[in-house]
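> What follows is data00.csv; its format and atoms are CSV, C-alpha atoms.
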chain,number,residue,atom,x,y,z
A,1,MET,CA,20.7,-54.1,198.9
A,2,ILE,CA,22.3,-57.6,199.2
A,3,ALA,CA,25.2,-56.5,197.1
A,4,ASP,CA,25.8,-53.5,199.4
A,5,ILE,CA,25.8,-55.8,202.5
A,6,ALA,CA,28.2,-58.3,200.8
A,7,ILE,CA,30.6,-55.5,199.7
A,8,GLY,CA,30.5,-54.1,203.2
A,9,ILE,CA,31.5,-57.5,204.7
A,10,PHE,CA,34.3,-57.8,202.2
A,11,LEU,CA,35.4,-54.3,203.1
A,12,LEU,CA,35.4,-55.3,206.8
A,13,ALA,CA,37.5,-58.4,205.9
A,14,GLY,CA,40.0,-56.2,204.0
A,15,LEU,CA,40.2,-53.8,206.9
A,16,LEU,CA,41.0,-56.6,209.4
A,17,ALA,CA,43.7,-57.9,207.0
A,18,GLY,CA,45.0,-54.3,206.9
A,19,ILE,CA,45.3,-54.2,210.7
A,20,ARG,CA,47.4,-57.3,210.5
A,21,LEU,CA,49.3,-55.7,207.7
A,22,VAL,CA,50.3,-52.8,209.9
A,23,ARG,CA,50.8,-54.7,213.1
A,24,GLY,CA,52.3,-57.9,211.8
A,25,PRO,CA,55.4,-58.9,213.7
A,26,ASP,CA,57.2,-60.4,210.8
A,27,LEU,CA,57.5,-59.7,207.0
A,28,VAL,CA,55.7,-63.0,206.3
A,29,ASP,CA,52.6,-61.8,208.2
A,30,ARG,CA,52.5,-58.7,206.1
A,31,VAL,CA,52.8,-60.7,202.9
A,32,ILE,CA,49.9,-63.1,203.8
A,33,SER,CA,47.7,-60.2,205.0
A,34,LEU,CA,48.3,-58.4,201.7
A,35,ASP,CA,47.2,-61.6,200.0
A,36,ALA,CA,44.0,-61.7,202.1
A,37,ALA,CA,43.3,-58.0,201.4
A,38,LEU,CA,43.7,-58.6,197.7
A,39,VAL,CA,41.3,-61.6,197.8
A,40,ALA,CA,38.8,-59.4,199.7
A,41,LEU,CA,39.1,-56.8,196.9
A,42,MET,CA,38.6,-59.6,194.3
A,43,GLY,CA,35.5,-60.7,196.2
A,44,ALA,CA,34.1,-57.2,196.3
A,45,ILE,CA,34.6,-56.9,192.5
A,46,GLY,CA,33.0,-60.3,192.1
A,47,VAL,CA,29.9,-59.0,194.0
A,48,ARG,CA,29.8,-56.0,191.7
A,49,VAL,CA,29.9,-58.4,188.7
A,50,ALA,CA,27.0,-60.5,190.2
A,51,ASP,CA,25.0,-57.3,191.0
A,52,SER,CA,25.3,-55.6,187.6
A,53,GLY,CA,25.8,-58.5,185.3
A,54,ASP,CA,28.6,-56.6,183.7
A,55,THR,CA,31.4,-58.9,182.5
A,56,LEU,CA,33.9,-56.0,181.9
A,57,TYR,CA,35.2,-56.3,185.5
A,58,ILE,CA,36.3,-59.9,185.2
A,59,GLY,CA,39.5,-58.9,183.4
A,60,ILE,CA,40.5,-56.9,186.5
A,61,LEU,CA,40.0,-60.1,188.6
A,62,VAL,CA,42.5,-61.9,186.3
A,63,VAL,CA,45.1,-59.2,186.7
A,64,ILE,CA,44.7,-59.0,190.5
A,65,ALA,CA,45.1,-62.8,190.8
A,66,ILE,CA,48.3,-62.8,188.8
A,67,VAL,CA,49.8,-59.8,190.5
A,68,ALA,CA,49.0,-61.2,194.0
A,69,PHE,CA,50.6,-64.6,193.2
A,70,THR,CA,53.7,-62.9,191.7
A,71,ALA,CA,54.1,-60.6,194.7
A,72,THR,CA,53.8,-63.6,197.1
A,73,VAL,CA,56.3,-65.7,195.3
A,74,VAL,CA,58.9,-62.9,194.9
A,75,LEU,CA,58.6,-61.8,198.6
A,76,SER,CA,58.8,-65.3,200.0
A,77,ARG,CA,61.9,-65.9,197.9
A,78,PHE,CA,63.3,-62.6,199.2
A,79,ILE,CA,62.6,-63.7,202.8
A,80,GLU,CA,64.2,-67.1,202.2
A,81,THR,CA,67.4,-65.9,200.5
A,82,THR,CA,68.1,-62.9,202.7
A,83,GLY,CA,66.8,-64.2,206.0
A,84,ARG,CA,65.5,-60.8,206.7
A,85,ARG,CA,62.4,-60.7,208.9
B,1,MET,CA,20.2,-60.8,191.8
B,2,ASN,CA,18.4,-64.1,192.1
B,3,PRO,CA,18.1,-65.7,195.5
B,4,VAL,CA,20.7,-68.5,194.9
B,5,SER,CA,23.5,-66.2,193.8
B,6,ALA,CA,22.6,-63.8,196.7
B,7,VAL,CA,23.0,-66.6,199.2
B,8,LEU,CA,26.3,-67.7,197.6
B,9,VAL,CA,27.7,-64.1,197.5
B,10,ILE,CA,26.8,-63.5,201.2
B,11,LEU,CA,28.3,-66.9,202.1
B,12,GLY,CA,31.5,-66.0,200.3
B,13,ALA,CA,31.7,-62.7,202.1
B,14,LEU,CA,31.2,-64.4,205.5
B,15,VAL,CA,34.0,-66.9,204.7
B,16,ALA,CA,36.3,-64.0,203.8
B,17,LEU,CA,35.4,-62.3,207.1
B,18,LEU,CA,36.2,-65.5,209.0
B,19,ALA,CA,39.6,-65.7,207.2
B,20,SER,CA,40.4,-62.2,208.2
B,21,ILE,CA,39.3,-62.7,211.8
B,22,GLY,CA,41.5,-65.8,212.0
B,23,LEU,CA,44.4,-63.8,210.4
B,24,LEU,CA,44.0,-61.2,213.1
B,25,THR,CA,43.5,-63.3,216.2
B,26,PHE,CA,45.7,-66.4,215.9
B,27,LYS,CA,48.9,-66.5,217.8
B,28,THR,CA,51.6,-68.3,215.6
B,29,PRO,CA,52.4,-67.5,212.0
B,30,TYR,CA,51.5,-71.0,210.9
B,31,ALA,CA,48.0,-70.8,212.3
B,32,ARG,CA,47.6,-67.4,210.6
B,33,PHE,CA,48.6,-68.9,207.3
B,34,HIS,CA,46.1,-71.7,207.8
B,35,ALA,CA,43.3,-69.2,208.3
B,36,ALA,CA,44.1,-66.9,205.5
B,37,GLY,CA,45.5,-69.3,202.9
B,38,LYS,CA,42.8,-71.9,203.0
B,39,ALA,CA,39.7,-69.8,203.5
B,40,SER,CA,40.5,-67.1,200.9
B,41,PRO,CA,40.2,-69.3,197.7
B,42,ILE,CA,37.0,-70.8,199.1
B,43,ALA,CA,35.5,-67.4,199.7
B,44,PHE,CA,36.3,-66.3,196.2
B,45,LEU,CA,34.9,-69.6,194.8
B,46,PHE,CA,31.5,-68.9,196.4
B,47,VAL,CA,31.4,-65.4,195.0
B,48,ALA,CA,32.5,-66.5,191.6
B,49,LEU,CA,29.8,-69.2,191.6
B,50,GLY,CA,27.2,-66.7,192.6
B,51,ALA,CA,28.3,-64.2,189.9
B,52,ALA,CA,28.5,-67.0,187.3
B,53,LEU,CA,24.7,-67.6,187.7
B,54,GLU,CA,24.1,-64.0,186.8
B,55,VAL,CA,26.3,-63.2,183.8
B,56,GLY,CA,25.6,-66.0,181.3
B,57,TRP,CA,27.9,-68.6,179.7
B,58,VAL,CA,30.8,-66.3,178.4
B,59,GLY,CA,31.1,-64.5,181.7
B,60,ALA,CA,30.8,-67.8,183.6
B,61,GLY,CA,33.7,-69.2,181.6
B,62,GLU,CA,35.9,-66.1,182.4
B,63,LEU,CA,35.0,-66.4,186.1
B,64,ALA,CA,35.9,-70.1,186.0
B,65,ILE,CA,39.3,-69.2,184.6
B,66,VAL,CA,39.8,-66.7,187.4
B,67,ALA,CA,38.6,-69.2,190.1
B,68,VAL,CA,40.9,-72.0,188.8
B,69,ALA,CA,43.9,-69.6,188.6
B,70,LEU,CA,43.2,-68.5,192.2
B,71,LEU,CA,42.7,-72.1,193.4
B,72,LEU,CA,46.1,-73.1,191.8
B,73,THR,CA,48.2,-70.1,192.8
B,74,LEU,CA,47.0,-69.1,196.3
B,75,PRO,CA,47.9,-72.4,198.0
B,76,ALA,CA,51.2,-72.5,196.1
B,77,GLY,CA,52.1,-69.0,197.4
B,78,THR,CA,51.0,-69.9,200.9
B,79,HIS,CA,53.2,-72.9,200.8
B,80,LEU,CA,56.2,-70.8,199.8
B,81,LEU,CA,55.4,-68.5,202.7
B,82,PHE,CA,55.2,-71.5,205.1
B,83,ARG,CA,58.6,-72.7,203.8
B,84,ALA,CA,60.2,-69.2,204.2
B,85,THR,CA,58.9,-68.9,207.7
B,86,HIS,CA,60.2,-72.4,208.6
B,87,ARG,CA,63.6,-71.7,207.2
B,88,THR,CA,64.1,-68.2,208.7
B,89,THR,CA,62.5,-68.3,212.2
B,90,PRO,CA,63.2,-71.0,214.8
B,91,PRO,CA,59.9,-72.7,215.8
B,92,THR,CA,59.0,-71.9,219.4
B,93,HIS,CA,55.6,-73.5,219.6
B,94,MET,CA,56.6,-77.1,218.9
B,95,SER,CA,58.5,-79.4,221.2
B,96,ARG,CA,59.9,-81.4,218.3
B,97,ASP,CA,60.4,-80.4,214.7
B,98,ASP,CA,60.9,-83.3,212.3
B,99,LEU,CA,61.0,-81.2,209.2
B,100,GLN,CA,64.0,-79.2,210.5
B,101,ILE,CA,65.9,-82.5,211.0
B,102,VAL,CA,65.0,-83.7,207.5
B,103,GLU,CA,66.0,-80.4,205.9
B,104,ALA,CA,69.3,-80.3,207.7
B,105,GLU,CA,70.1,-83.9,206.5
B,106,LEU,CA,69.1,-82.8,202.9
B,107,ALA,CA,71.3,-79.8,203.0
B,108,ALA,CA,74.2,-81.9,204.4
B,109,SER,CA,73.8,-84.5,201.6
B,110,GLU,CA,73.7,-81.8,199.0
B,111,ARG,CA,76.9,-80.2,200.3
B,112,ALA,CA,78.5,-83.7,200.3
B,113,ASP,CA,77.4,-84.2,196.7
B,114,SER,CA,78.8,-80.9,195.5
B,115,ASP,CA,82.1,-81.3,197.3
B,116,GLY,CA,82.6,-85.0,196.4
B,117,PRO,CA,85.5,-86.0,194.2
B,118,GLU,CA,83.3,-87.9,191.8
B,119,ARG,CA,81.8,-84.8,190.3
Take the structure I supplied and represent it as structure tokens, if you would.


Amino acid sequence: MIADIAIGIFLLAGLLAGIRLVRGPDLVDRVISLDAALVALMGAIGVRVADSGDTLYIGILVVIAIVAFTATVVLSRFIETTGRR
Amino acid sequence: MNPVSAVLVILGALVALLASIGLLTFKTPYARFHAAGKASPIAFLFVALGAALEVGWVGAGELAIVAVALLLTLPAGTHLLFRATHRTTPPTHMSRDDLQIVEAELAASERADSDGPER
């Protein structure tokens, strides 16, 4: 019950970040909203871990964290070096 | 789920929702980065704490690794985005930008160093 509510709130947070991802005036807004959406996904998986007590999903959290950081760094370097917005 | 971890999980979800609302409503890119880049690791920290109370010592250790990795990498990535924004778009919401002056001086001194005859 509580896990469903928490996952719903995280889903709403991810959807709001998705709206900014579509609307975002610049490329940097899209990058940061992608980051926020991925953190919302990580939170939802964390709620699943807390609900079921299953540690199998924690590996997915590690992978998502690393991929999100790599994507942010690469895209910000791209924006800086090309000046493309 | 025990009551403590339920409260922590709901609190983390609400912080993530606040971060997304700020990301959606703030006007300048810098304010949006503040909302999303600072509240997101806190939100996941609450959820990881709530989950760590449920899964025992081994799972709590793995969750601690994830939380520390996120706390280290997310502010660094947000800082890189701040820098990219500052270098590519001229600031319109500030009357005076000291960082731009300092960065121009730094670039000029680097150019002078690389062109200098002593190298």

> List the neighbours of Gly46 of chain A out to 12 Å using all atoms listed in the file; skip same-chain residues closer than 2 positions along the sequence, and give me the result as an MDAnalysis selection string.

(chainID A and resid 3 6:7 10 39:44 48:62 64) or (chainID B and resid 5:6 8:10 12:13 43:55 59:60 62:64 66:67)

> Please, which residues are within 10 Å of (64.6, -60.8, 207.5) by the file's coordinates, counting all atoms listed in the file, and could they come as an mmCIF file with C-alpha atoms, keeping the file's coordinate frame?


data_model
loop_
_atom_site.group_PDB
_atom_site.id
_atom_site.type_symbol
_atom_site.label_atom_id
_atom_site.label_comp_id
_atom_site.auth_asym_id
_atom_site.auth_seq_id
_atom_site.Cartn_x
_atom_site.Cartn_y
_atom_site.Cartn_z
ATOM 1 C CA ASP A 26 57.200 -60.400 210.800
ATOM 2 C CA LEU A 27 57.500 -59.700 207.000
ATOM 3 C CA VAL A 28 55.700 -63.000 206.300
ATOM 4 C CA PHE A 78 63.300 -62.600 199.200
ATOM 5 C CA ILE A 79 62.600 -63.700 202.800
ATOM 6 C CA GLU A 80 64.200 -67.100 202.200
ATOM 7 C CA THR A 81 67.400 -65.900 200.500
ATOM 8 C CA THR A 82 68.100 -62.900 202.700
ATOM 9 C CA GLY A 83 66.800 -64.200 206.000
ATOM 10 C CA ARG A 84 65.500 -60.800 206.700
ATOM 11 C CA ARG A 85 62.400 -60.700 208.900
ATOM 12 C CA THR B 85 58.900 -68.900 207.700
ATOM 13 C CA THR B 88 64.100 -68.200 208.700
ATOM 14 C CA THR B 89 62.500 -68.300 212.200
#

> Atom CA of Met94 of chain B and atom CA of Ser20 of chain B, how far apart in Å?

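Taking atom CA of Ser20 of chain B as the start and atom CA of Met94 of chain B as the end point, the length is 24.5 Å.
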
> Do you know which residues are at most 12 Å from Pro25 of chain A counting all atoms listed in the file, after dropping those on the same chain fewer than 4 positions away, and could you put them as a compact mmCIF listing (two decimals) with C-alpha atoms, in the coordinates of the input?


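What landed in around.txt:
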# COMPACT_ATOMS: atom_id res chain seq x y z
CA ILE A 19 45.30 -54.20 210.70
CA ARG A 20 47.40 -57.30 210.50
CA LEU A 21 49.30 -55.70 207.70
CA ASP A 29 52.60 -61.80 208.20
CA ARG A 30 52.50 -58.70 206.10
CA VAL A 31 52.80 -60.70 202.90
CA SER A 33 47.70 -60.20 205.00
CA ARG A 85 62.40 -60.70 208.90
CA LEU B 24 44.00 -61.20 213.10
CA LYS B 27 48.90 -66.50 217.80
CA THR B 28 51.60 -68.30 215.60
CA PRO B 29 52.40 -67.50 212.00
CA ARG B 32 47.60 -67.40 210.60
CA THR B 89 62.50 -68.30 212.20

> Fewer than 4 positions away in the same chain doesn't count, so skip those; otherwise give me all residues within 10 Å of Gln100 of chain B, counting only C-alpha atoms, as a ChimeraX atom specification.

/B:86-87,90-91,96,104-106

> Would you mind listing what lies within 8 Å of Arg77 of chain A as a ChimeraX atom specification, with only C-alpha atoms counted and same-chain residues fewer than 4 positions away left out?

/A:73,81 /B:80,84

> Would you work out the distance separating atom CA of Val63 of chain A from atom CA of Leu70 of chain B, expressed in Å to one decimal?

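Distance reported for this atom pair: 11.0 Å.
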
> What gap, in Å, lies between atom CA of Ala37 of chain A and atom CA of Val7 of chain B?

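These two atoms are separated by 22.2 Å.
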
> Go through A:Leu38, A:Ala71, A:Ile45, A:Ala13 one by one, measure the shortest atom-to-atom distance of each to chain B using all atoms listed in the file, and give the residue with the smallest value.

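Nearest candidate to chain B out of A:Leu38, A:Ala71, A:Ile45, A:Ala13: A:Ala13.
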
> Counting only C-alpha atoms, figure out which residue out of B:Ala107, B:Ala31, B:Ile21, B:Val4 gets nearest to chain A.

B:Ile21

> My list of candidates is B:Ile42, B:Leu81, B:Pro75, B:Gly22. Which is closest to chain A when distances are computed with only C-alpha atoms?

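Looking only at the distances to chain A, the closest residue turns out to be B:Leu81.
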